[in-house]
file my_file.pdb (PDB, C-alpha atoms (C1' of nucleotides))
ATOM      1  CA  MET A   1      16.085  27.102  18.087
ATOM      2  CA  THR A   2      12.363  26.923  18.538
ATOM      3  CA  MET A   3      10.651  23.591  18.477
ATOM      4  CA  GLU A   4       6.959  24.262  18.988
ATOM      5  CA  GLU A   5       6.145  20.958  17.472
ATOM      6  CA  GLY A   6       8.071  17.833  16.663
ATOM      7  CA  THR A   7       9.450  17.659  13.175
ATOM      8  CA  LEU A   8      11.439  15.431  10.925
ATOM      9  CA  ASN A   9      13.223  18.379   9.434
ATOM     10  CA  SER A  10      16.427  18.282  11.367
ATOM     11  CA  PRO A  11      19.535  20.386  11.230
ATOM     12  CA  SER A  12      22.837  18.666  10.744
ATOM     13  CA  ARG A  13      24.575  17.694  13.928
ATOM     14  CA  CYS A  14      27.328  20.210  13.557
ATOM     15  CA  GLU A  15      24.824  23.044  13.472
ATOM     16  CA  LEU A  16      23.740  22.392  17.035
ATOM     17  CA  THR A  17      25.247  23.148  20.396
ATOM     18  CA  GLU A  18      25.468  20.273  22.818
ATOM     19  CA  GLU A  19      22.382  21.485  24.640
ATOM     20  CA  GLU A  20      20.324  22.029  21.557
ATOM     21  CA  TYR A  21      21.288  18.633  20.369
ATOM     22  CA  GLU A  22      20.139  16.948  23.537
ATOM     23  CA  ALA A  23      16.810  18.723  23.336
ATOM     24  CA  PHE A  24      16.254  17.863  19.738
ATOM     25  CA  GLN A  25      13.813  15.097  19.004
ATOM     26  CA  TRP A  26      12.212  14.027  15.810
ATOM     27  CA  ASP A  27       8.616  13.364  15.400
ATOM     28  CA  THR A  28       8.675   9.815  14.131
ATOM     29  CA  ARG A  29       5.165   8.981  15.226
ATOM     30  CA  GLU A  30       3.688   6.496  12.876
ATOM     31  CA  ASP A  31       0.555   8.561  12.356
ATOM     32  CA  CYS A  32       2.315  11.857  11.848
ATOM     33  CA  GLU A  33       1.510  13.679   8.655
ATOM     34  CA  VAL A  34       5.075  13.937   7.452
ATOM     35  CA  ARG A  35       5.685  10.237   7.664
ATOM     36  CA  GLN A  36       2.506   9.499   5.778
ATOM     37  CA  ILE A  37       3.501  11.816   2.974
ATOM     38  CA  LEU A  38       7.049  10.473   2.938
ATOM     39  CA  ASP A  39       5.732   6.964   2.599
ATOM     40  CA  ARG A  40       3.810   8.107  -0.422
ATOM     41  CA  VAL A  41       6.539  10.063  -2.109
ATOM     42  CA  ALA A  42       9.340   7.669  -1.291
ATOM     43  CA  ASP A  43       7.295   4.829  -2.704
ATOM     44  CA  LYS A  44       9.003   2.694  -5.323
ATOM     45  CA  TRP A  45       6.523   3.220  -8.141
ATOM     46  CA  SER A  46       5.569   6.804  -7.278
ATOM     47  CA  LEU A  47       9.144   7.889  -7.659
ATOM     48  CA  LEU A  48       9.331   6.464 -11.157
ATOM     49  CA  VAL A  49       5.971   7.845 -12.238
ATOM     50  CA  ILE A  50       6.787  11.336 -11.024
ATOM     51  CA  ALA A  51      10.164  11.340 -12.683
ATOM     52  CA  LEU A  52       8.701  10.162 -15.987
ATOM     53  CA  LEU A  53       5.848  12.654 -15.933
ATOM     54  CA  ASP A  54       8.323  15.384 -15.218
ATOM     55  CA  LEU A  55       9.691  14.737 -18.671
ATOM     56  CA  ASN A  56       6.291  14.976 -20.289
ATOM     57  CA  THR A  57       2.615  14.194 -20.200
ATOM     58  CA  LEU A  58       1.914  10.529 -20.763
ATOM     59  CA  ARG A  59      -1.019   8.254 -21.370
ATOM     60  CA  PHE A  60      -1.789   5.246 -19.237
ATOM     61  CA  THR A  61      -0.333   2.727 -21.658
ATOM     62  CA  GLU A  62       2.749   4.805 -22.270
ATOM     63  CA  LEU A  63       3.492   4.826 -18.580
ATOM     64  CA  LYS A  64       2.926   1.105 -18.342
ATOM     65  CA  TYR A  65       5.249   0.564 -21.256
ATOM     66  CA  LYS A  66       7.975   2.775 -19.902
ATOM     67  CA  ILE A  67       8.007   1.366 -16.387
ATOM     68  CA  ASP A  68       9.389  -2.120 -16.562
ATOM     69  CA  GLY A  69       7.694  -4.592 -14.287
ATOM     70  CA  ILE A  70       4.728  -2.536 -13.118
ATOM     71  CA  SER A  71       1.353  -4.229 -13.286
ATOM     72  CA  GLN A  72      -1.773  -2.545 -14.523
ATOM     73  CA  ARG A  73      -3.187  -2.670 -11.052
ATOM     74  CA  MET A  74      -0.213  -1.044  -9.373
ATOM     75  CA  LEU A  75      -0.010   1.668 -11.993
ATOM     76  CA  THR A  76      -3.669   2.504 -11.475
ATOM     77  CA  THR A  77      -3.258   2.510  -7.713
ATOM     78  CA  THR A  78      -0.149   4.636  -7.825
ATOM     79  CA  LEU A  79      -1.725   7.161 -10.163
ATOM     80  CA  ARG A  80      -4.835   7.436  -7.988
ATOM     81  CA  HIS A  81      -2.728   8.087  -4.922
ATOM     82  CA  LEU A  82      -0.673  10.724  -6.657
ATOM     83  CA  GLU A  83      -3.824  12.311  -8.029
ATOM     84  CA  ARG A  84      -5.376  12.365  -4.588
ATOM     85  CA  ASP A  85      -2.318  14.087  -3.179
ATOM     86  CA  GLY A  86      -2.527  16.721  -5.884
ATOM     87  CA  LEU A  87       0.775  15.770  -7.485
ATOM     88  CA  VAL A  88      -0.609  14.417 -10.728
ATOM     89  CA  SER A  89      -3.518  15.576 -12.874
ATOM     90  CA  ARG A  90      -5.727  13.262 -14.875
ATOM     91  CA  THR A  91      -7.390  14.474 -18.052
ATOM     92  CA  VAL A  92     -10.028  12.386 -19.771
ATOM     93  CA  TYR A  93     -10.850  13.082 -23.407
ATOM     94  CA  PRO A  94     -14.368  12.003 -24.400
ATOM     95  CA  VAL A  95     -13.294  10.112 -27.480
ATOM     96  CA  VAL A  96     -13.433   6.531 -28.644
ATOM     97  CA  PRO A  97     -11.187   4.805 -27.892
ATOM     98  CA  PRO A  98     -10.688   6.635 -24.613
ATOM     99  CA  ARG A  99      -7.684   8.830 -24.081
ATOM    100  CA  VAL A 100      -6.448   9.767 -20.623
ATOM    101  CA  ASP A 101      -3.463  11.981 -20.078
ATOM    102  CA  TYR A 102      -1.434  12.141 -16.927
ATOM    103  CA  ALA A 103       0.702  15.133 -16.097
ATOM    104  CA  LEU A 104       2.437  16.648 -13.131
ATOM    105  CA  THR A 105       0.617  19.466 -11.386
ATOM    106  CA  PRO A 106       2.596  22.553 -10.391
ATOM    107  CA  LEU A 107       2.874  20.998  -6.946
ATOM    108  CA  GLY A 108       4.196  17.801  -8.453
ATOM    109  CA  MET A 109       6.745  19.734 -10.439
ATOM    110  CA  THR A 110       8.232  21.201  -7.292
ATOM    111  CA  LEU A 111       9.318  17.668  -6.456
ATOM    112  CA  HIS A 112      11.598  17.438  -9.462
ATOM    113  CA  LYS A 113      14.716  18.855  -7.865
ATOM    114  CA  THR A 114      14.313  16.688  -4.806
ATOM    115  CA  ILE A 115      13.813  13.442  -6.648
ATOM    116  CA  GLN A 116      16.555  14.307  -9.035
ATOM    117  CA  SER A 117      18.892  14.760  -6.130
ATOM    118  CA  LEU A 118      18.029  11.285  -4.903
ATOM    119  CA  VAL A 119      18.585   9.680  -8.273
ATOM    120  CA  THR A 120      21.794  11.581  -8.845
ATOM    121  CA  TRP A 121      23.120  10.469  -5.486
ATOM    122  CA  THR A 122      22.325   6.880  -6.359
ATOM    123  CA  GLU A 123      24.117   7.065  -9.677
ATOM    124  CA  ASP A 124      27.101   8.850  -8.220
ATOM    125  CA  HIS A 125      27.636   6.246  -5.530
ATOM    126  CA  ARG A 126      26.563   2.991  -7.049
ATOM    127  CA  SER A 127      30.053   1.666  -7.499
ATOM    128  CA  GLU A 128      30.918   2.410  -3.880
ATOM    129  CA  ILE A 129      27.793   0.569  -2.827
ATOM    130  CA  ALA A 130      28.621  -2.379  -5.043
ATOM    131  CA  VAL A 131      32.055  -2.621  -3.436
ATOM    132  CA  ALA A 132      30.589  -2.384   0.044
ATOM    133  CA  ARG A 133      28.170  -5.195  -0.746
ATOM    134  CA  ASP A 134      30.898  -7.448  -2.042
ATOM    135  CA  GLN A 135      32.994  -6.895   1.042
ATOM    136  CA  TYR A 136      30.071  -7.458   3.357
ATOM    137  CA  ASP A 137      29.074 -10.673   1.625
ATOM    138  CA  LYS A 138      32.617 -11.950   1.756
ATOM    139  CA  ARG A 139      32.865 -11.161   5.455
ATOM    140  CA  VAL A 140      29.598 -12.921   6.204
ATOM    141  CA  ASN A 141      30.288 -16.006   4.132
ATOM    142  CA  ALA A 142      33.754 -16.383   5.579
TER     143      ALA A 142
ATOM    144  CA  MET N 143      23.706  14.899 -25.206
ATOM    145  CA  THR N 144      25.373  11.548 -25.019
ATOM    146  CA  MET N 145      23.426   8.584 -23.841
ATOM    147  CA  GLU N 146      25.735   5.594 -23.971
ATOM    148  CA  GLU N 147      23.592   3.800 -21.536
ATOM    149  CA  GLY N 148      20.113   4.276 -20.198
ATOM    150  CA  THR N 149      19.891   6.187 -16.985
ATOM    151  CA  LEU N 150      17.374   7.412 -14.476
ATOM    152  CA  ASN N 151      19.188  10.676 -14.120
ATOM    153  CA  SER N 152      17.184  12.839 -16.414
ATOM    154  CA  PRO N 153      17.365  16.487 -17.287
ATOM    155  CA  SER N 154      14.254  18.599 -16.870
ATOM    156  CA  ARG N 155      12.071  18.753 -19.945
ATOM    157  CA  CYS N 156      12.794  22.393 -20.589
ATOM    158  CA  GLU N 157      16.487  21.652 -20.900
ATOM    159  CA  LEU N 158      15.950  19.499 -23.960
ATOM    160  CA  THR N 159      15.266  20.277 -27.586
ATOM    161  CA  GLU N 160      12.364  18.473 -29.180
ATOM    162  CA  GLU N 161      14.710  15.987 -30.785
ATOM    163  CA  GLU N 162      16.714  15.284 -27.692
ATOM    164  CA  TYR N 163      13.523  14.828 -25.804
ATOM    165  CA  GLU N 164      12.208  12.228 -28.208
ATOM    166  CA  ALA N 165      15.455  10.308 -28.021
ATOM    167  CA  PHE N 166      15.577  10.333 -24.270
ATOM    168  CA  GLN N 167      14.614   7.187 -22.464
ATOM    169  CA  TRP N 168      15.013   6.156 -18.908
ATOM    170  CA  ASP N 169      16.381   2.909 -17.775
ATOM    171  CA  THR N 170      13.555   1.660 -15.619
ATOM    172  CA  ARG N 171      14.464  -1.987 -15.903
ATOM    173  CA  GLU N 172      13.499  -3.778 -12.787
ATOM    174  CA  ASP N 173      16.903  -5.349 -12.357
ATOM    175  CA  CYS N 174      18.870  -2.187 -12.998
ATOM    176  CA  GLU N 175      21.280  -1.212 -10.276
ATOM    177  CA  VAL N 176      19.886   2.238  -9.751
ATOM    178  CA  ARG N 177      16.420   0.986  -9.080
ATOM    179  CA  GLN N 178      17.683  -1.553  -6.602
ATOM    180  CA  ILE N 179      19.556   1.086  -4.679
ATOM    181  CA  LEU N 180      16.637   3.470  -4.829
ATOM    182  CA  ASP N 181      14.388   0.833  -3.352
ATOM    183  CA  ARG N 182      16.795   0.523  -0.484
ATOM    184  CA  VAL N 183      17.307   4.192   0.190
ATOM    185  CA  ALA N 184      13.715   5.221  -0.385
ATOM    186  CA  ASP N 185      12.581   2.551   2.029
ATOM    187  CA  LYS N 186      10.308   3.702   4.804
ATOM    188  CA  TRP N 187      12.455   2.593   7.720
ATOM    189  CA  SER N 188      15.848   3.226   6.104
ATOM    190  CA  LEU N 189      14.999   6.859   5.624
ATOM    191  CA  LEU N 190      14.235   7.284   9.300
ATOM    192  CA  VAL N 191      17.291   5.383  10.463
ATOM    193  CA  ILE N 192      19.634   7.371   8.263
ATOM    194  CA  ALA N 193      18.150  10.665   9.293
ATOM    195  CA  LEU N 194      18.418   9.768  12.975
ATOM    196  CA  LEU N 195      21.986   8.521  12.692
ATOM    197  CA  ASP N 196      22.887  11.686  10.884
ATOM    198  CA  LEU N 197      22.186  13.475  14.145
ATOM    199  CA  ASN N 198      24.395  11.154  16.134
ATOM    200  CA  THR N 199      25.607   7.671  16.843
ATOM    201  CA  LEU N 200      22.968   5.528  18.483
ATOM    202  CA  ARG N 201      22.669   2.156  20.118
ATOM    203  CA  PHE N 202      20.193  -0.460  19.030
ATOM    204  CA  THR N 203      17.703   0.232  21.777
ATOM    205  CA  GLU N 204      17.954   3.963  21.319
ATOM    206  CA  LEU N 205      17.016   3.600  17.697
ATOM    207  CA  LYS N 206      14.148   1.320  18.554
ATOM    208  CA  TYR N 207      12.931   3.805  21.118
ATOM    209  CA  LYS N 208      13.162   6.772  18.798
ATOM    210  CA  ILE N 209      11.420   5.192  15.843
ATOM    211  CA  ASP N 210       7.806   4.787  16.709
ATOM    212  CA  GLY N 211       6.239   1.589  15.494
ATOM    213  CA  ILE N 212       9.326  -0.281  14.316
ATOM    214  CA  SER N 213       9.689  -3.850  15.490
ATOM    215  CA  GLN N 214      12.936  -5.364  16.694
ATOM    216  CA  ARG N 215      13.009  -7.553  13.664
ATOM    217  CA  MET N 216      12.550  -4.768  11.155
ATOM    218  CA  LEU N 217      15.131  -2.611  12.854
ATOM    219  CA  THR N 218      17.656  -5.423  12.707
ATOM    220  CA  THR N 219      16.851  -6.115   9.077
ATOM    221  CA  THR N 220      17.051  -2.462   8.109
ATOM    222  CA  LEU N 221      20.361  -1.980   9.890
ATOM    223  CA  ARG N 222      21.861  -5.065   8.226
ATOM    224  CA  HIS N 223      20.824  -3.814   4.820
ATOM    225  CA  LEU N 224      22.272  -0.389   5.430
ATOM    226  CA  GLU N 225      25.443  -1.947   6.776
ATOM    227  CA  ARG N 226      25.727  -4.161   3.735
ATOM    228  CA  ASP N 227      25.400  -1.160   1.462
ATOM    229  CA  GLY N 228      28.158   0.608   3.349
ATOM    230  CA  LEU N 229      25.916   3.400   4.618
ATOM    231  CA  VAL N 230      26.002   2.470   8.269
ATOM    232  CA  SER N 231      28.808   1.148  10.453
ATOM    233  CA  ARG N 232      28.301  -1.238  13.342
ATOM    234  CA  THR N 233      30.673  -1.185  16.289
ATOM    235  CA  VAL N 234      30.557  -3.909  18.903
ATOM    236  CA  TYR N 235      32.137  -3.285  22.308
ATOM    237  CA  PRO N 236      33.209  -6.447  24.095
ATOM    238  CA  VAL N 237      31.536  -5.591  27.364
ATOM    239  CA  VAL N 238      28.767  -7.043  29.477
ATOM    240  CA  PRO N 239      26.040  -6.167  28.859
ATOM    241  CA  PRO N 240      26.825  -5.789  25.184
ATOM    242  CA  ARG N 241      27.028  -2.387  23.589
ATOM    243  CA  VAL N 242      26.640  -1.885  19.872
ATOM    244  CA  ASP N 243      26.875   1.512  18.269
ATOM    245  CA  TYR N 244      25.474   2.410  14.920
ATOM    246  CA  ALA N 245      26.761   5.377  12.980
ATOM    247  CA  LEU N 246      26.689   6.738   9.488
ATOM    248  CA  THR N 247      29.724   6.019   7.357
ATOM    249  CA  PRO N 248      31.172   8.848   5.268
ATOM    250  CA  LEU N 249      29.186   7.431   2.367
ATOM    251  CA  GLY N 250      26.029   7.488   4.456
ATOM    252  CA  MET N 251      26.692  11.072   5.433
ATOM    253  CA  THR N 252      26.678  12.163   1.828
ATOM    254  CA  LEU N 253      23.011  11.242   1.824
ATOM    255  CA  HIS N 254      22.129  13.899   4.363
ATOM    256  CA  LYS N 255      21.486  16.739   1.968
ATOM    257  CA  THR N 256      19.371  14.568  -0.268
ATOM    258  CA  ILE N 257      17.178  13.142   2.434
ATOM    259  CA  GLN N 258      16.892  16.505   4.054
ATOM    260  CA  SER N 259      15.641  17.916   0.809
ATOM    261  CA  LEU N 260      12.947  15.265   0.703
ATOM    262  CA  VAL N 261      11.828  15.896   4.251
ATOM    263  CA  THR N 262      11.884  19.639   3.790
ATOM    264  CA  TRP N 263       9.753  19.376   0.682
ATOM    265  CA  THR N 264       7.248  17.290   2.596
ATOM    266  CA  GLU N 265       6.991  19.776   5.400
ATOM    267  CA  ASP N 266       6.779  22.735   3.080
ATOM    268  CA  HIS N 267       3.907  21.274   1.140
ATOM    269  CA  ARG N 268       1.926  19.273   3.607
ATOM    270  CA  SER N 269      -0.917  21.757   3.848
ATOM    271  CA  GLU N 270      -1.283  21.827   0.080
ATOM    272  CA  ILE N 271      -1.418  18.069   0.054
ATOM    273  CA  ALA N 272      -3.996  18.010   2.815
ATOM    274  CA  VAL N 273      -6.201  20.371   0.814
ATOM    275  CA  ALA N 274      -5.785  18.304  -2.330
ATOM    276  CA  ARG N 275      -6.803  15.163  -0.461
ATOM    277  CA  ASP N 276      -9.912  16.793   0.946
ATOM    278  CA  GLN N 277     -10.982  17.971  -2.468
ATOM    279  CA  TYR N 278     -10.305  14.614  -4.050
ATOM    280  CA  ASP N 279     -12.258  12.765  -1.394
ATOM    281  CA  LYS N 280     -15.184  15.138  -1.746
ATOM    282  CA  ARG N 281     -15.193  14.701  -5.493
ATOM    283  CA  VAL N 282     -15.120  10.926  -5.231
ATOM    284  CA  ASN N 283     -17.771  10.661  -2.549
ATOM    285  CA  ALA N 284     -20.097  13.028  -4.379
TER     286      ALA N 284
ATOM    287  C1'  DC R 285      -7.641   2.289 -24.649
ATOM    288  C1'  DA R 286      -8.106   2.570 -19.957
ATOM    289  C1'  DG R 287      -9.439   0.853 -16.808
ATOM    290  C1'  DT R 288     -12.312  -2.369 -12.787
ATOM    291  C1'  DA R 289     -13.092  -6.813 -10.384
ATOM    292  C1'  DT R 290     -11.517 -10.976  -8.485
ATOM    293  C1'  DC R 291      -8.473 -14.275  -6.959
ATOM    294  C1'  DC R 292      -4.442 -15.875  -5.008
ATOM    295  C1'  DA R 293       0.765 -16.455  -3.833
ATOM    296  C1'  DG R 294       4.609 -14.719  -1.541
ATOM    297  C1'  DG R 295       6.856 -11.737   1.139
ATOM    298  C1'  DA R 296       6.793  -8.169   4.639
ATOM    299  C1'  DC R 297       6.062  -7.587   9.128
ATOM    300  C1'  DG R 298       4.686  -8.083  14.084
ATOM    301  C1'  DA R 299       4.554 -10.976  18.258
ATOM    302  C1'  DT R 300       6.695 -14.012  21.015
ATOM    303  C1'  DA R 301      10.184 -16.814  22.947
ATOM    304  C1'  DC R 302      14.849 -17.756  23.607
ATOM    305  C1'  DT R 303      20.360 -16.751  24.012
ATOM    306  C1'  DG R 304      25.332 -15.010  24.463
TER     307       DG R 304
ATOM    308  C1'  DC T 305      21.614  -5.240  25.879
ATOM    309  C1'  DA T 306      21.398  -6.806  21.459
ATOM    310  C1'  DG T 307      20.199  -9.632  19.154
ATOM    311  C1'  DT T 308      18.428 -14.653  16.607
ATOM    312  C1'  DA T 309      14.740 -17.998  15.640
ATOM    313  C1'  DT T 310      10.209 -19.270  14.691
ATOM    314  C1'  DC T 311       5.559 -18.746  13.654
ATOM    315  C1'  DG T 312       1.415 -16.802  11.850
ATOM    316  C1'  DT T 313      -0.992 -13.026   9.646
ATOM    317  C1'  DC T 314      -1.900  -9.469   6.720
ATOM    318  C1'  DC T 315      -1.425  -7.072   2.821
ATOM    319  C1'  DT T 316       1.100  -5.962  -1.233
ATOM    320  C1'  DG T 317       1.031  -6.754  -5.624
ATOM    321  C1'  DG T 318       0.893 -10.034  -9.866
ATOM    322  C1'  DA T 319      -2.127 -12.659 -13.092
ATOM    323  C1'  DT T 320      -6.257 -13.044 -15.264
ATOM    324  C1'  DA T 321     -10.705 -11.979 -16.924
ATOM    325  C1'  DC T 322     -14.115  -8.730 -17.947
ATOM    326  C1'  DT T 323     -16.257  -3.761 -19.435
ATOM    327  C1'  DG T 324     -17.483   1.128 -21.077
TER     328       DG T 324
END
call {"tool": "encode", "arguments": {"input": "my_file.pdb", "output": "structure tokens"}}
result
Amino acid sequence: MTMEEGTLNSPSRCELTEEEYEAFQWDTREDCEVRQILDRVADKWSLLVIALLDLNTLRFTELKYKIDGISQRMLTTTLRHLERDGLVSRTVYPVVPPRVDYALTPLGMTLHKTIQSLVTWTEDHRSEIAVARDQYDKRVNA
Amino acid sequence: MTMEEGTLNSPSRCELTEEEYEAFQWDTREDCEVRQILDRVADKWSLLVIALLDLNTLRFTELKYKIDGISQRMLTTTLRHLERDGLVSRTVYPVVPPRVDYALTPLGMTLHKTIQSLVTWTEDHRSEIAVARDQYDKRVNA
DNA sequence: CAGTATCCAGGACGATACTG
DNA sequence: CAGTATCGTCCTGGATACTG
């Protein structure tokens, strides 16, 4: 297993020999590129915006309406970030009143499967998590 | 397609007829269970802790050492949250000096594939993202 | 409609000191 | 070693008001 450069992309433990395992080290440096991108993608609002835009192109107000609890400011910020990263495209129509459409770029679309997997996991295990929380709280308050 | 209750788990657009698509609506309510869990799992530090523990059991200090930039306080907080959600187990050995091992629970282990998919995506596309950022910055500064 | 600008509160977070 | 406790800061993010 070559490891020219540190990486967050790790094999599962069982795929490694004892030696390989010992040698393996993640790159968790705060300034590393992967962590910066992860922070962006794994962001609370980004996740929701991407998932919604994967369903279809939406206007600013439509997004704001569909995402409960997001403020105008945070929606703007989130969209700018995603646009900067090339995940979302912004199309302005020169009409009055203004119309701006947001859509996923091809790059953004490649995230669908990944995000879906995260959401699916959450839905599949939410009851287990609820149980775990109850037990934990009981243990602590006892 | 039945939709007894709103859900974040959405099909891809192409899988829907026009009608189904119109009827489809996510549950993005702020207080919905799925969003709460997502916020936990998609958290910056949680992601790193889970991925590291997936490689092997670690002690408190080992985790702190391996995760660049995390403070003692945040590590403790993150671990407590993950423990509460039943993703991480905490084992205390009654020795001096104390020894506490953290490991993924079976539930936590089921997250491996998902998180891995996220990290892999990030690594696969980081150059594209870097290019997009450069272009965006140039456009804005022009 | 689709933002930008400004202000401000609250929580996240780091630093530090202390303990079983 | 593995925390807890406390304090102070910074920054996220909400509320509000204004504009092309």
call {"tool": "interface_residues", "arguments": {"input": "my_file.pdb", "of": "chain N", "to": "chain A", "cutoff": "7 Å", "atoms": "only C-alpha atoms", "output": "ChimeraX atom specification"}}
result
/N:150-151,154-155,170-172,176,179-181,184-186,196-198,209-211,226-228,256,258-262,264-265,271,274-275,278
call {"tool": "atom_distance", "arguments": {"input": "my_file.pdb", "atom1": "CA of Thr199 in chain N", "atom2": "CA of Asp243 in chain N"}}
result
6.4 Å
call {"tool": "resolve_selection", "arguments": {"input": "my_file.pdb", "expression": "the PyMOL selection byres ((chain A) within 12 of (chain T))", "output": "PyMOL selection string"}}
result
chain A and resi 45+69-78+94-98
call {"tool": "closest_atom_pairs", "arguments": {"input": "my_file.pdb", "of": "chain R", "to": "chain N", "cutoff": "12 Å", "atoms": "all atoms listed in the file", "output": "CSV"}}
result
residue,atom,partner,partner_atom,distance
R:DA296,C1',N:Met216,CA,9.3
R:DC297,C1',N:Met216,CA,7.4
R:DG298,C1',N:Ser213,CA,6.7
R:DA299,C1',N:Ser213,CA,9.2
R:DT300,C1',N:Gln214,CA,11.5
R:DG304,C1',N:Pro240,CA,9.4
call {"tool": "atom_distance", "arguments": {"input": "my_file.pdb", "atom1": "CA of Asn283 in chain N", "atom2": "C1' of DT290 in chain R"}}
result
23.3 Å
call {"tool": "atom_distance", "arguments": {"input": "my_file.pdb", "atom1": "CA of Gly108 in chain A", "atom2": "CA of Thr91 in chain A"}}
result
15.4 Å
